[in-house]
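Asks: First, the structure itself, so that you have it in front of you.
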Amino acid sequence: MKKIYILWFHRKRKDGPLPRCDETILDLIAVFILDMGIAGAALATIIAQLFSGFFCFMKIRKIKEIAITKRELLYDEVIFKDLIHLGTPIAFKNVIIALGGIFITSIVNGFGVSFIAGFTASNKLYSLLEIAALSYGYALSTFVGQNYGSKNYDRIQSGCKITLLIAIVLGTINTLILVFLGQYIF
């Protein structure tokens, strides 16, 4: 369950109380007490994310090694171009995946409640398989970024090959388990 920091609770830490909240509490208040329905749940999520970002920023400011200074908040065209250059492929991939999900969901919704229930169940199963692939992708992105920054291009190539091999082997194992044992697992 996703925890978002908003309300004040005491934690047993040397730095004393830490603001935090469970988004679920905000959802319950917005949906049931304020009777706002889905719009209330969406609003609760936005509020929780804003407060989470604010409190994380306030906490990070106090850590000397990663503190953000005013100088670092100034616009730097070179850094901006680098970030756009490096971030565009990942952003494009995420947009394509989101649009595909919207397209498929809109088609599935036309088939009725039973079909939607089956589609939802299969998505839960798919998400179990997808976790590993996404994790490899995120780990590889970090690995490539670090090695790109230090100009270790050979390590990038070998890291990509090893990650691909691991993904193929574990993907094959997952597939075999689901094909032959899926009816007993689910």
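Residues are named by chain letter and number: chains run A, B, ... in the order of the structure tokens, numbers start at 1 in each chain, and ligands are numbered from 1 in the order shown.
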Please provide as a PyMOL selection string all residues within 6 Å of region 23-31 of chain A, with the sequence filter that same-chain residues fewer than 2 positions apart are discarded (counting only C-alpha atoms).
Replies: chain A and resi 4+33-37+40-41+44
Asks: Please identify all polymer residues within 9 Å of region 167-175 of chain A, counting only C-alpha atoms, omitting same-chain residues fewer than 3 positions from it, and present them as a PyMOL selection string.
Replies: chain A and resi 129+132-133+136+162-164+178-180
Asks: Show me, as a Markdown table, the residues of region 68-110 of chain A having an atom within 12 Å of region 143-158 of chain A, each with the closest atom pair and its distance in Å, using only C-alpha atoms.
Replies:
| residue | atom | partner | partner_atom | distance |
| --- | --- | --- | --- | --- |
| A:Asp82 | CA | A:Gly149 | CA | 11.1 |
| A:Leu83 | CA | A:Gly145 | CA | 11.2 |
| A:Leu86 | CA | A:Gly145 | CA | 8.8 |
| A:Gly87 | CA | A:Gly145 | CA | 10.7 |
Asks: Name the residues of region 4-159 of chain A that fall into strand (DSSP E) according to DSSP on the backbone, using the chain letters and numbers of this document, as a list in words.
Replies: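 Those in region 4-159 of chain A that DSSP calls strand (DSSP E) are Ile4, Tyr5, Ile6, Leu7, Trp8, Phe9, Leu18, Pro19, Arg20, Cys21 and Asp22 of chain A.
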